[in-house]
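Quick look at structure02.tsv (TSV, C-alpha atoms):
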```tsv
chain	number	residue	atom	x	y	z
J	1	ASP	CA	-18.32	-6.47	29.55
J	2	LEU	CA	-16.49	-3.39	30.87
J	3	ASP	CA	-15.44	-2.92	34.52
J	4	VAL	CA	-14.51	0.63	35.57
J	5	GLU	CA	-13.12	1.97	38.87
J	6	ILE	CA	-12.98	5.72	39.60
J	7	SER	CA	-11.51	7.53	42.60
J	8	GLY	CA	-10.60	11.17	43.23
J	9	SER	CA	-12.10	14.55	43.96
J	10	VAL	CA	-14.57	16.99	42.38
J	11	GLY	CA	-14.90	20.62	43.47
J	12	GLY	CA	-16.32	24.00	42.47
J	13	GLY	CA	-19.70	25.72	42.10
J	14	LYS	CA	-22.21	26.48	39.35
J	15	GLN	CA	-19.89	28.60	37.24
J	16	ARG	CA	-16.57	26.98	38.05
J	17	TRP	CA	-15.65	23.42	38.78
J	18	ASP	CA	-12.66	21.14	38.51
J	19	PHE	CA	-11.85	17.53	39.17
J	20	GLU	CA	-9.02	15.02	39.34
J	21	LEU	CA	-9.90	11.36	39.00
J	22	GLU	CA	-7.89	8.14	38.85
J	23	VAL	CA	-9.55	5.80	36.36
J	24	SER	CA	-8.88	2.12	35.69
J	25	ALA	CA	-10.82	-0.21	33.42
J	26	SER	CA	-10.74	-3.80	32.21
J	27	ALA	CA	-12.61	-5.86	29.62
J	28	PRO	CA	-12.38	-9.37	28.15
J	29	GLU	CA	-11.48	-8.06	24.68
J	30	THR	CA	-11.27	-4.94	22.53
J	31	GLY	CA	-13.95	-5.88	19.96
J	32	PRO	CA	-17.10	-4.82	21.89
J	33	ILE	CA	-15.44	-1.59	23.08
J	34	ALA	CA	-14.38	-0.61	19.54
J	35	GLY	CA	-17.83	-1.51	18.23
J	36	ARG	CA	-19.56	0.80	20.69
J	37	LEU	CA	-17.24	3.61	19.58
J	38	GLY	CA	-18.07	2.92	15.92
J	39	LEU	CA	-14.53	1.68	15.17
J	40	GLU	CA	-13.14	-1.40	13.45
J	41	ALA	CA	-10.10	-2.95	15.11
J	42	PRO	CA	-8.42	-6.32	15.54
J	43	GLU	CA	-9.71	-8.14	18.60
J	44	PHE	CA	-7.33	-8.52	21.52
J	45	GLY	CA	-7.92	-9.58	25.07
J	46	PRO	CA	-7.87	-9.20	27.93
J	47	VAL	CA	-7.79	-5.38	28.12
J	48	GLN	CA	-6.33	-3.38	31.02
J	49	GLY	CA	-6.21	0.42	31.08
J	50	SER	CA	-5.62	3.28	33.46
J	51	GLY	CA	-5.13	7.04	33.45
J	52	LYS	CA	-5.63	10.31	35.27
J	53	LEU	CA	-8.71	12.30	34.27
J	54	SER	CA	-8.63	16.00	35.10
J	55	GLY	CA	-10.47	19.07	33.95
J	56	LYS	CA	-12.45	22.20	34.36
J	57	VAL	CA	-15.29	23.88	32.45
J	58	GLY	CA	-14.87	23.14	28.72
J	59	VAL	CA	-11.65	21.13	29.03
J	60	VAL	CA	-11.16	17.50	30.05
J	61	GLY	CA	-7.73	15.92	29.79
J	62	LEU	CA	-6.48	12.37	30.18
J	63	SER	CA	-2.85	11.91	31.22
J	64	GLU	CA	-0.61	9.05	32.32
J	65	ILE	CA	-2.48	6.78	29.90
J	66	SER	CA	-1.51	3.14	30.03
J	67	LEU	CA	-3.48	0.69	27.90
J	68	GLU	CA	-2.55	-2.92	27.22
J	69	ALA	CA	-4.55	-5.51	25.31
J	70	GLY	CA	-3.48	-9.04	24.46
J	71	SER	CA	-2.18	-12.03	26.33
J	72	ASP	CA	1.24	-12.58	24.74
J	73	ALA	CA	4.18	-10.77	23.17
J	74	GLU	CA	3.23	-11.72	19.59
J	75	THR	CA	-0.22	-10.13	19.41
J	76	GLY	CA	-1.53	-7.11	21.26
J	77	LEU	CA	-1.94	-3.37	21.59
J	78	ARG	CA	-0.05	-1.02	23.88
J	79	VAL	CA	-0.71	2.73	24.24
J	80	THR	CA	0.90	5.25	26.59
J	81	GLY	CA	0.78	9.04	26.67
J	82	GLU	CA	-1.81	11.76	27.06
J	83	ILE	CA	-4.77	13.51	25.42
J	84	GLY	CA	-4.87	17.21	26.26
J	85	ASN	CA	-8.57	17.71	25.47
J	86	LEU	CA	-10.83	14.67	25.36
J	87	LEU	CA	-13.93	16.66	24.46
J	88	GLN	CA	-12.51	17.84	21.13
J	89	LEU	CA	-9.80	15.17	20.73
J	90	ARG	CA	-7.00	17.74	20.69
J	91	SER	CA	-3.37	17.59	21.80
J	92	LEU	CA	-2.86	13.88	21.24
J	93	LYS	CA	0.53	12.52	22.30
J	94	LEU	CA	0.35	8.75	22.28
J	95	ASP	CA	3.10	6.16	21.90
J	96	THR	CA	1.43	3.21	20.24
J	97	THR	CA	2.45	-0.35	19.34
J	98	LEU	CA	0.20	-2.82	17.56
J	99	ARG	CA	1.10	-6.46	16.94
J	100	ALA	CA	-1.23	-8.88	15.17
J	101	GLU	CA	-1.24	-12.07	13.13
J	102	SER	CA	-3.10	-10.01	10.51
J	103	LEU	CA	-5.19	-6.86	10.32
J	104	ARG	CA	-8.28	-9.09	9.95
J	105	GLU	CA	-11.04	-6.72	8.87
J	106	PHE	CA	-8.62	-4.71	6.77
J	107	SER	CA	-6.36	-7.35	5.19
J	108	SER	CA	-5.03	-10.90	5.49
J	109	ILE	CA	-1.46	-9.58	5.29
J	110	GLY	CA	0.56	-10.55	8.35
J	111	PRO	CA	2.08	-10.92	10.82
J	112	VAL	CA	1.97	-7.17	11.41
J	113	GLU	CA	3.72	-4.82	13.83
J	114	ILE	CA	3.14	-1.05	13.75
J	115	SER	CA	4.61	1.44	16.20
J	116	GLY	CA	5.01	5.19	16.38
J	117	ARG	CA	4.18	8.40	18.19
J	118	VAL	CA	0.69	9.67	17.35
J	119	GLU	CA	0.32	13.45	17.65
J	120	GLY	CA	-2.32	15.97	16.66
J	121	SER	CA	-6.08	16.25	16.87
J	122	ARG	CA	-9.30	14.97	15.36
J	123	GLU	CA	-8.69	17.15	12.24
J	124	GLN	CA	-5.00	16.41	11.77
J	125	VAL	CA	-3.01	13.38	12.93
J	126	LYS	CA	0.69	12.73	12.44
J	127	ILE	CA	2.54	9.49	13.17
J	128	ARG	CA	6.21	10.21	13.85
J	129	GLU	CA	9.06	7.70	14.16
J	130	MET	CA	6.78	5.14	12.54
J	131	ARG	CA	7.96	1.57	12.11
J	132	VAL	CA	5.97	-1.02	10.22
J	133	ARG	CA	6.77	-4.72	9.91
J	134	LEU	CA	4.82	-6.90	7.48
J	135	ASP	CA	6.32	-10.35	7.99
J	136	GLU	CA	9.88	-9.90	6.59
J	137	THR	CA	9.31	-6.42	5.11
J	138	HIS	CA	10.13	-3.34	7.21
J	139	PHE	CA	9.21	0.31	6.63
J	140	THR	CA	10.21	3.45	8.51
J	141	GLY	CA	8.96	6.98	8.05
J	142	GLU	CA	6.20	9.44	8.84
J	143	VAL	CA	2.50	9.59	7.94
J	144	GLU	CA	0.19	12.58	8.30
J	145	GLY	CA	-3.54	12.77	7.69
J	146	SER	CA	-5.81	15.83	7.47
J	147	PHE	CA	-9.53	15.32	8.04
J	148	ALA	CA	-11.07	18.79	8.06
J	149	SER	CA	-14.84	18.74	7.58
J	150	ASP	CA	-14.77	21.32	4.76
J	151	SER	CA	-12.30	19.51	2.44
J	152	ARG	CA	-11.33	16.07	1.18
J	153	PRO	CA	-9.15	13.96	3.44
J	154	HIS	CA	-5.47	14.35	2.62
J	155	LEU	CA	-2.79	11.74	3.30
J	156	THR	CA	0.95	12.44	3.27
J	157	ALA	CA	3.49	9.65	3.70
J	158	ARG	CA	7.27	9.38	3.51
J	159	LEU	CA	8.42	5.76	3.65
J	160	GLU	CA	11.72	3.89	3.31
J	161	SER	CA	12.53	0.19	3.28
J	162	PRO	CA	15.76	-1.80	2.94
J	163	ARG	CA	13.92	-4.74	1.35
J	164	ILE	CA	10.32	-5.15	0.15
J	165	HIS	CA	8.97	-8.66	-0.37
J	166	LEU	CA	6.02	-8.39	-2.76
J	167	ASP	CA	4.20	-11.31	-1.14
J	168	ASP	CA	4.40	-9.53	2.25
J	169	VAL	CA	2.48	-6.54	0.86
J	170	GLY	CA	-0.06	-8.60	-1.10
J	171	LEU	CA	1.43	-8.00	-4.58
J	172	ALA	CA	2.59	-11.58	-5.22
J	173	PRO	CA	1.17	-14.98	-4.21
J	174	ARG	CA	2.65	-16.64	-1.16
J	175	GLU	CA	4.20	-20.10	-1.55
J	176	GLU	CA	1.17	-21.81	-0.03
J	177	ASP	CA	-1.17	-20.01	-2.40
J	178	GLY	CA	0.24	-21.67	-5.53
J	179	PRO	CA	0.38	-19.94	-8.96
J	180	ARG	CA	-1.89	-16.92	-9.04
J	181	ILE	CA	-2.79	-17.16	-12.75
J	182	SER	CA	-3.59	-20.88	-12.87
J	183	GLN	CA	-7.20	-20.34	-11.78
J	184	PRO	CA	-9.88	-18.69	-13.96
J	185	THR	CA	-10.18	-15.01	-13.18
J	186	ALA	CA	-13.17	-12.74	-13.57
J	187	GLU	CA	-12.85	-10.20	-16.36
J	188	PRO	CA	-14.11	-6.62	-16.06
J	189	PRO	CA	-17.22	-5.81	-18.12
J	190	LYS	CA	-15.88	-4.15	-21.26
J	191	ARG	CA	-18.65	-1.61	-21.77
J	192	GLU	CA	-19.49	-0.75	-18.19
J	193	ALA	CA	-17.90	2.30	-16.61
J	194	LEU	CA	-14.67	1.60	-14.72
J	195	PRO	CA	-14.54	2.67	-11.03
J	196	PHE	CA	-12.75	6.02	-11.28
J	197	GLU	CA	-14.99	7.68	-8.66
J	198	PRO	CA	-12.86	6.64	-5.62
J	199	LEU	CA	-10.04	8.83	-6.98
J	200	HIS	CA	-12.13	11.89	-6.06
J	201	ARG	CA	-12.57	10.89	-2.40
J	202	LEU	CA	-9.02	11.40	-1.15
J	203	ASP	CA	-5.97	13.54	-1.88
J	204	ALA	CA	-2.53	12.04	-1.30
J	205	ASP	CA	1.17	12.78	-1.50
J	206	VAL	CA	3.32	9.67	-1.02
J	207	SER	CA	6.99	8.91	-1.55
J	208	LEU	CA	8.74	5.56	-1.21
J	209	ARG	CA	12.35	4.46	-1.41
J	210	ALA	CA	13.52	0.84	-1.25
J	211	ASP	CA	16.99	-0.64	-1.61
J	212	ARG	CA	15.65	-3.94	-2.96
J	213	VAL	CA	12.32	-5.36	-4.17
J	214	VAL	CA	12.01	-9.15	-4.11
J	215	GLY	CA	9.43	-11.49	-5.69
J	216	ARG	CA	8.62	-15.02	-4.57
J	217	ASP	CA	11.99	-16.42	-5.64
J	218	ASP	CA	14.18	-13.70	-7.10
J	219	LEU	CA	15.36	-10.13	-6.83
J	220	LEU	CA	13.18	-7.97	-9.07
J	221	ALA	CA	14.62	-4.47	-8.70
J	222	GLU	CA	17.11	-2.35	-6.78
J	223	GLU	CA	17.36	1.32	-5.82
J	224	VAL	CA	13.62	1.87	-6.24
J	225	ALA	CA	12.26	5.40	-5.77
J	226	LEU	CA	8.76	6.57	-6.55
J	227	SER	CA	6.36	9.36	-5.76
J	228	LEU	CA	2.59	9.45	-6.01
J	229	THR	CA	0.23	12.40	-5.93
J	230	LEU	CA	-3.55	12.39	-6.04
J	231	ALA	CA	-5.56	15.61	-6.22
J	232	ASP	CA	-9.29	15.75	-7.00
J	233	GLY	CA	-9.18	12.67	-9.22
J	234	ASP	CA	-5.83	13.36	-10.91
J	235	LEU	CA	-3.50	10.47	-10.00
J	236	GLN	CA	0.14	10.85	-11.02
J	237	LEU	CA	2.72	8.15	-10.38
J	238	GLY	CA	6.21	9.42	-10.92
J	239	PRO	CA	8.87	10.05	-11.31
J	240	VAL	CA	9.67	6.37	-10.78
J	241	SER	CA	13.23	5.12	-11.00
J	242	LEU	CA	14.76	1.68	-10.45
J	243	GLU	CA	17.53	-0.66	-11.50
J	244	PHE	CA	16.63	-4.01	-13.06
J	245	GLU	CA	18.99	-6.68	-14.40
J	246	GLY	CA	21.85	-4.25	-14.88
J	247	GLY	CA	19.71	-1.57	-16.50
J	248	SER	CA	18.27	1.69	-15.24
J	249	PHE	CA	14.60	2.57	-15.74
J	250	THR	CA	12.61	5.77	-15.31
J	251	GLY	CA	8.95	6.38	-15.90
J	252	ASN	CA	5.71	8.20	-15.23
J	253	ALA	CA	2.06	7.16	-15.29
J	254	ARG	CA	-1.09	9.21	-14.98
J	255	ILE	CA	-4.83	8.67	-14.58
J	256	ASP	CA	-6.76	11.92	-14.87
J	257	ALA	CA	-10.33	11.12	-13.83
J	258	ARG	CA	-11.50	14.75	-13.84
J	259	PRO	CA	-12.87	14.76	-17.43
J	260	ASP	CA	-16.03	12.78	-18.25
J	261	SER	CA	-13.78	10.59	-20.38
J	262	PRO	CA	-10.75	9.88	-18.11
J	263	GLU	CA	-7.29	10.19	-19.64
J	264	LEU	CA	-4.51	7.64	-19.08
J	265	SER	CA	-0.84	7.78	-20.05
J	266	LEU	CA	2.35	5.79	-19.52
J	267	ASP	CA	5.97	6.72	-20.30
J	268	LEU	CA	8.82	4.28	-19.65
J	269	GLU	CA	12.50	4.46	-20.60
J	270	GLY	CA	15.07	1.73	-19.97
J	271	LYS	CA	18.81	1.67	-20.64
J	272	GLU	CA	21.47	-1.08	-20.64
J	273	MET	CA	19.30	-3.95	-19.38
J	274	HIS	CA	20.72	-7.49	-19.64
J	275	LEU	CA	18.02	-9.07	-21.80
J	276	GLY	CA	19.06	-12.66	-21.11
J	277	ARG	CA	18.88	-12.22	-17.36
J	278	ALA	CA	15.49	-10.53	-17.67
J	279	LEU	CA	14.07	-13.30	-19.89
J	280	ALA	CA	15.38	-15.90	-17.44
J	281	GLN	CA	12.65	-14.74	-15.08
J	282	ILE	CA	9.97	-15.98	-17.52
J	283	GLU	CA	11.84	-18.57	-19.62
J	284	GLU	CA	13.76	-21.64	-18.52
J	285	ARG	CA	16.29	-21.04	-21.32
J	286	PRO	CA	16.39	-17.40	-22.44
J	287	SER	CA	15.62	-16.99	-26.15
J	288	ALA	CA	17.76	-13.84	-26.49
J	289	THR	CA	20.70	-12.09	-24.84
J	290	GLY	CA	22.34	-8.69	-25.15
J	291	ARG	CA	22.33	-5.16	-23.82
J	292	THR	CA	18.89	-3.65	-24.34
J	293	ASP	CA	17.39	-0.16	-24.47
J	294	LEU	CA	13.65	0.27	-24.59
J	295	SER	CA	11.13	3.07	-24.79
J	296	LEU	CA	7.37	2.92	-24.29
J	297	ASN	CA	4.91	5.81	-24.64
J	298	LEU	CA	1.19	5.08	-24.47
J	299	GLU	CA	-1.94	7.14	-23.98
J	300	SER	CA	-5.66	6.57	-24.09
J	301	ARG	CA	-8.94	7.95	-22.85
J	302	GLY	CA	-12.30	6.48	-21.95
J	303	ALA	CA	-14.49	5.37	-19.09
J	304	SER	CA	-14.65	1.65	-20.00
J	305	VAL	CA	-12.29	-1.11	-21.16
J	306	ASP	CA	-13.70	-0.96	-24.70
J	307	ALA	CA	-13.29	2.82	-24.89
J	308	LEU	CA	-9.71	2.69	-23.59
J	309	ARG	CA	-8.77	-0.06	-26.03
J	310	SER	CA	-10.27	1.81	-29.00
J	311	ALA	CA	-8.46	5.05	-28.13
J	312	LEU	CA	-5.09	3.46	-27.31
J	313	SER	CA	-2.19	5.05	-29.18
J	314	GLY	CA	1.56	5.50	-28.75
J	315	ASN	CA	4.86	3.98	-29.73
J	316	ALA	CA	7.38	1.44	-28.49
J	317	SER	CA	11.00	0.81	-29.46
J	318	LEU	CA	13.53	-1.89	-28.53
J	319	ALA	CA	17.24	-1.88	-29.37
J	320	ILE	CA	19.53	-4.86	-28.65
J	321	ARG	CA	23.33	-4.56	-28.83
J	322	GLU	CA	25.94	-7.32	-28.68
J	323	GLY	CA	23.13	-9.85	-28.51
J	324	GLN	CA	22.20	-13.31	-29.70
J	325	LEU	CA	18.81	-14.63	-30.78
J	326	HIS	CA	18.01	-18.34	-30.44
J	327	VAL	CA	15.62	-18.72	-33.38
J	328	GLU	CA	13.85	-21.89	-32.22
J	329	ARG	CA	13.23	-20.60	-28.73
J	330	MET	CA	12.31	-17.14	-30.06
J	331	GLY	CA	9.69	-18.83	-32.25
J	332	LEU	CA	8.15	-20.54	-29.23
J	333	MET	CA	8.13	-17.28	-27.30
J	334	ALA	CA	6.63	-15.42	-30.28
J	335	GLN	CA	3.83	-18.01	-30.49
J	336	HIS	CA	3.20	-17.51	-26.80
J	337	VAL	CA	3.05	-13.72	-27.18
J	338	VAL	CA	0.83	-13.92	-30.29
J	339	ARG	CA	-1.61	-16.15	-28.44
J	340	GLY	CA	-1.67	-13.60	-25.63
J	341	LEU	CA	-2.25	-10.69	-28.00
J	342	SER	CA	-5.00	-12.59	-29.82
J	343	ALA	CA	-6.69	-13.28	-26.50
J	344	SER	CA	-6.48	-9.58	-25.68
J	345	VAL	CA	-8.32	-8.68	-28.89
J	346	ARG	CA	-11.11	-11.04	-27.96
J	347	ARG	CA	-11.30	-10.14	-24.29
J	348	GLY	CA	-9.84	-6.63	-23.94
J	349	VAL	CA	-6.46	-5.16	-23.11
J	350	THR	CA	-6.59	-6.07	-19.44
J	351	SER	CA	-6.11	-9.77	-20.18
J	352	THR	CA	-2.93	-9.32	-22.23
J	353	GLY	CA	-0.58	-9.25	-19.25
J	354	ARG	CA	-2.15	-12.32	-17.71
J	355	ARG	CA	-1.88	-14.31	-20.93
J	356	VAL	CA	1.68	-13.32	-21.74
J	357	LEU	CA	2.89	-13.91	-18.19
J	358	GLY	CA	0.82	-17.02	-17.62
J	359	ARG	CA	3.75	-19.30	-18.31
J	360	SER	CA	6.02	-17.48	-15.87
J	361	ASP	CA	3.43	-17.59	-13.10
J	362	ALA	CA	2.81	-21.30	-13.63
J	363	SER	CA	6.55	-22.00	-13.28
J	364	ASN	CA	6.87	-19.72	-10.19
J	365	LYS	CA	9.53	-17.56	-11.84
J	366	THR	CA	7.93	-14.11	-11.40
```

Could you spell out this file's structure in structure tokens?
Amino acid sequence: DLDVEISGSVGGGKQRWDFELEVSASAPETGPIAGRLGLEAPEFGPVQGSGKLSGKVGVVGLSEISLEAGSDAETGLRVTGEIGNLLQLRSLKLDTTLRAESLREFSSIGPVEISGRVEGSREQVKIREMRVRLDETHFTGEVEGSFASDSRPHLTARLESPRIHLDDVGLAPREEDGPRISQPTAEPPKREALPFEPLHRLDADVSLRADRVVGRDDLLAEEVALSLTLADGDLQLGPVSLEFEGGSFTGNARIDARPDSPELSLDLEGKEMHLGRALAQIEERPSATGRTDLSLNLESRGASVDALRSALSGNASLAIREGQLHVERMGLMAQHVVRGLSASVRRGVTSTGRRVLGRSDASNKT
């Protein structure tokens, strides 16, 4: 499956030797090559590659790398650059572009285009001048990963986007998928331990800024900024800030999985939101209008849904100024909310959001 041509010279004796070789290779597709290297990668073909292999005792370098895979401009992989030390995978300097209909093994999200300059070594890799396109959503920034054998992997990312479409990043159903909540969904076992263990496998430090965040039909938020840190099972999201329907929101959330009984908390503050415009996203005719301030502070602890529900405590407040309440429509909305809350008592807190928002999802207004 792999054709290789090598030409050049080799010299030296028992203690010293050196070589310079021109190498070219071709293959029908990338899949078998990646598999033999123990890697997962989208399959492209045909593959053409070349480079200059040179070295001496203990050091082998590959320069003038040129690798192309794929038969058209829409899907493929292109890599140019050099690797200073192939034996230890050090001194990487590779300009890389990946285009695919989707990431296949990793996700159905697509089409995808990722480009950037990869630098570093086996233990630490940085992607500079990174550009990511997920359909109509674009990100720019830098990503760095540390993979030392004596510590947990650590990921650092700084990302910006002018416009994030939630369906492009898998956080909202696409048009062809239909309403997400209309089908029965599996519920987590209430007494079984929730999967907090993955939070101990990776440390992370991520920041994201976006000018606009858009759902399937409507603008959801503007001027979004958030940071996320994860250290030995302690996940902290915040500070988070955004503007929504004329109001400004700030908040923090935390999952501390270090204790045997993990601790969760949420703090959210909102000021000057247009309530009518917000309700219009889930109601055909808004049941209330006015300028709204809200505050939400919740905390709980436990390793299962039942334990978290039993330990849930906190407070919430809502203040409406210069507003109007449409009693009949408020009554219908209240019935809808009560049904959702009743369902949550029977099935656990995790179902509350689905029940309360079920109507909005069915009418494609979220």

| field | Between CA of Ser7 in chain J and CA of Ser121 in chain J - distance in Å to one decimal | value | 27.7 Å

| Selection: 8 Å around range 268-275 of chain J, all atoms listed in the file, excl. self and same-chain fewer than 6 positions, as a ChimeraX atom specification | /J:244-252,288-297

| Which of these, J:Arg122, J:Arg309, J:His165, J:Arg285, has the shortest distance to Arg90 in chain J once you count all atoms listed in the file? | J:Arg122

Env of Ala225 in chain J: 10 Å cut, atoms = all atoms listed in the file, seq-sep filter 3 positions within chain, self excluded. Answer as a PDB file with C-alpha atoms, keeping the file's coordinate frame.
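The result, written out as around39.pdb:
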```
ATOM      1  CA  GLU J 160      11.720   3.890   3.310  1.00  0.00           C
ATOM      2  CA  SER J 207       6.990   8.910  -1.550  1.00  0.00           C
ATOM      3  CA  LEU J 208       8.740   5.560  -1.210  1.00  0.00           C
ATOM      4  CA  ARG J 209      12.350   4.460  -1.410  1.00  0.00           C
ATOM      5  CA  ALA J 210      13.520   0.840  -1.250  1.00  0.00           C
ATOM      6  CA  ASP J 211      16.990  -0.640  -1.610  1.00  0.00           C
ATOM      7  CA  GLU J 222      17.110  -2.350  -6.780  1.00  0.00           C
ATOM      8  CA  GLY J 238       6.210   9.420 -10.920  1.00  0.00           C
ATOM      9  CA  PRO J 239       8.870  10.050 -11.310  1.00  0.00           C
ATOM     10  CA  VAL J 240       9.670   6.370 -10.780  1.00  0.00           C
ATOM     11  CA  SER J 241      13.230   5.120 -11.000  1.00  0.00           C
ATOM     12  CA  LEU J 242      14.760   1.680 -10.450  1.00  0.00           C
ATOM     13  CA  GLU J 243      17.530  -0.660 -11.500  1.00  0.00           C
ATOM     14  CA  THR J 250      12.610   5.770 -15.310  1.00  0.00           C
TER      15      THR J 250
END
```

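For the pair CA of Ile109 in chain J and CA of Arg152 in chain J, the separation is 27.8 Å.
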
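The spacing separating CA of Leu134 in chain J from CA of Thr97 in chain J amounts to 13.8 Å.
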
| said: List as an NGL selection string the protein and nucleic acid residues near Glu263 in chain J, meaning an atom at most 8 Å away when all atoms listed in the file are counted, but skip any in the same chain fewer than 2 places from it. | reply: :J and (254-257 or 259 or 261 or 265 or 299-302)

| message | So that I can see what lies close to Arg133 in chain J, please list as number ranges by chain the residues with an atom at most 12 Å from it, counting all atoms listed in the file and leaving out residues fewer than 2 positions away in the same chain. | response | J: 97-102, 109-116, 130-131, 135-140, 160-165, 168-169

| Distance criterion (only C-alpha atoms): nearest to Gly276 in chain J out of J:Gly61, J:Gly233, J:Gly70, J:Gly323 |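 Using only C-alpha atoms, Gly276 in chain J sits closest to J:Gly323.
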
| request: Measuring atom to atom with all atoms listed in the file, identify which of J:Ala231, J:Val213, J:Leu226, J:Val23 is nearest to Pro198 in chain J. | output: J:Ala231
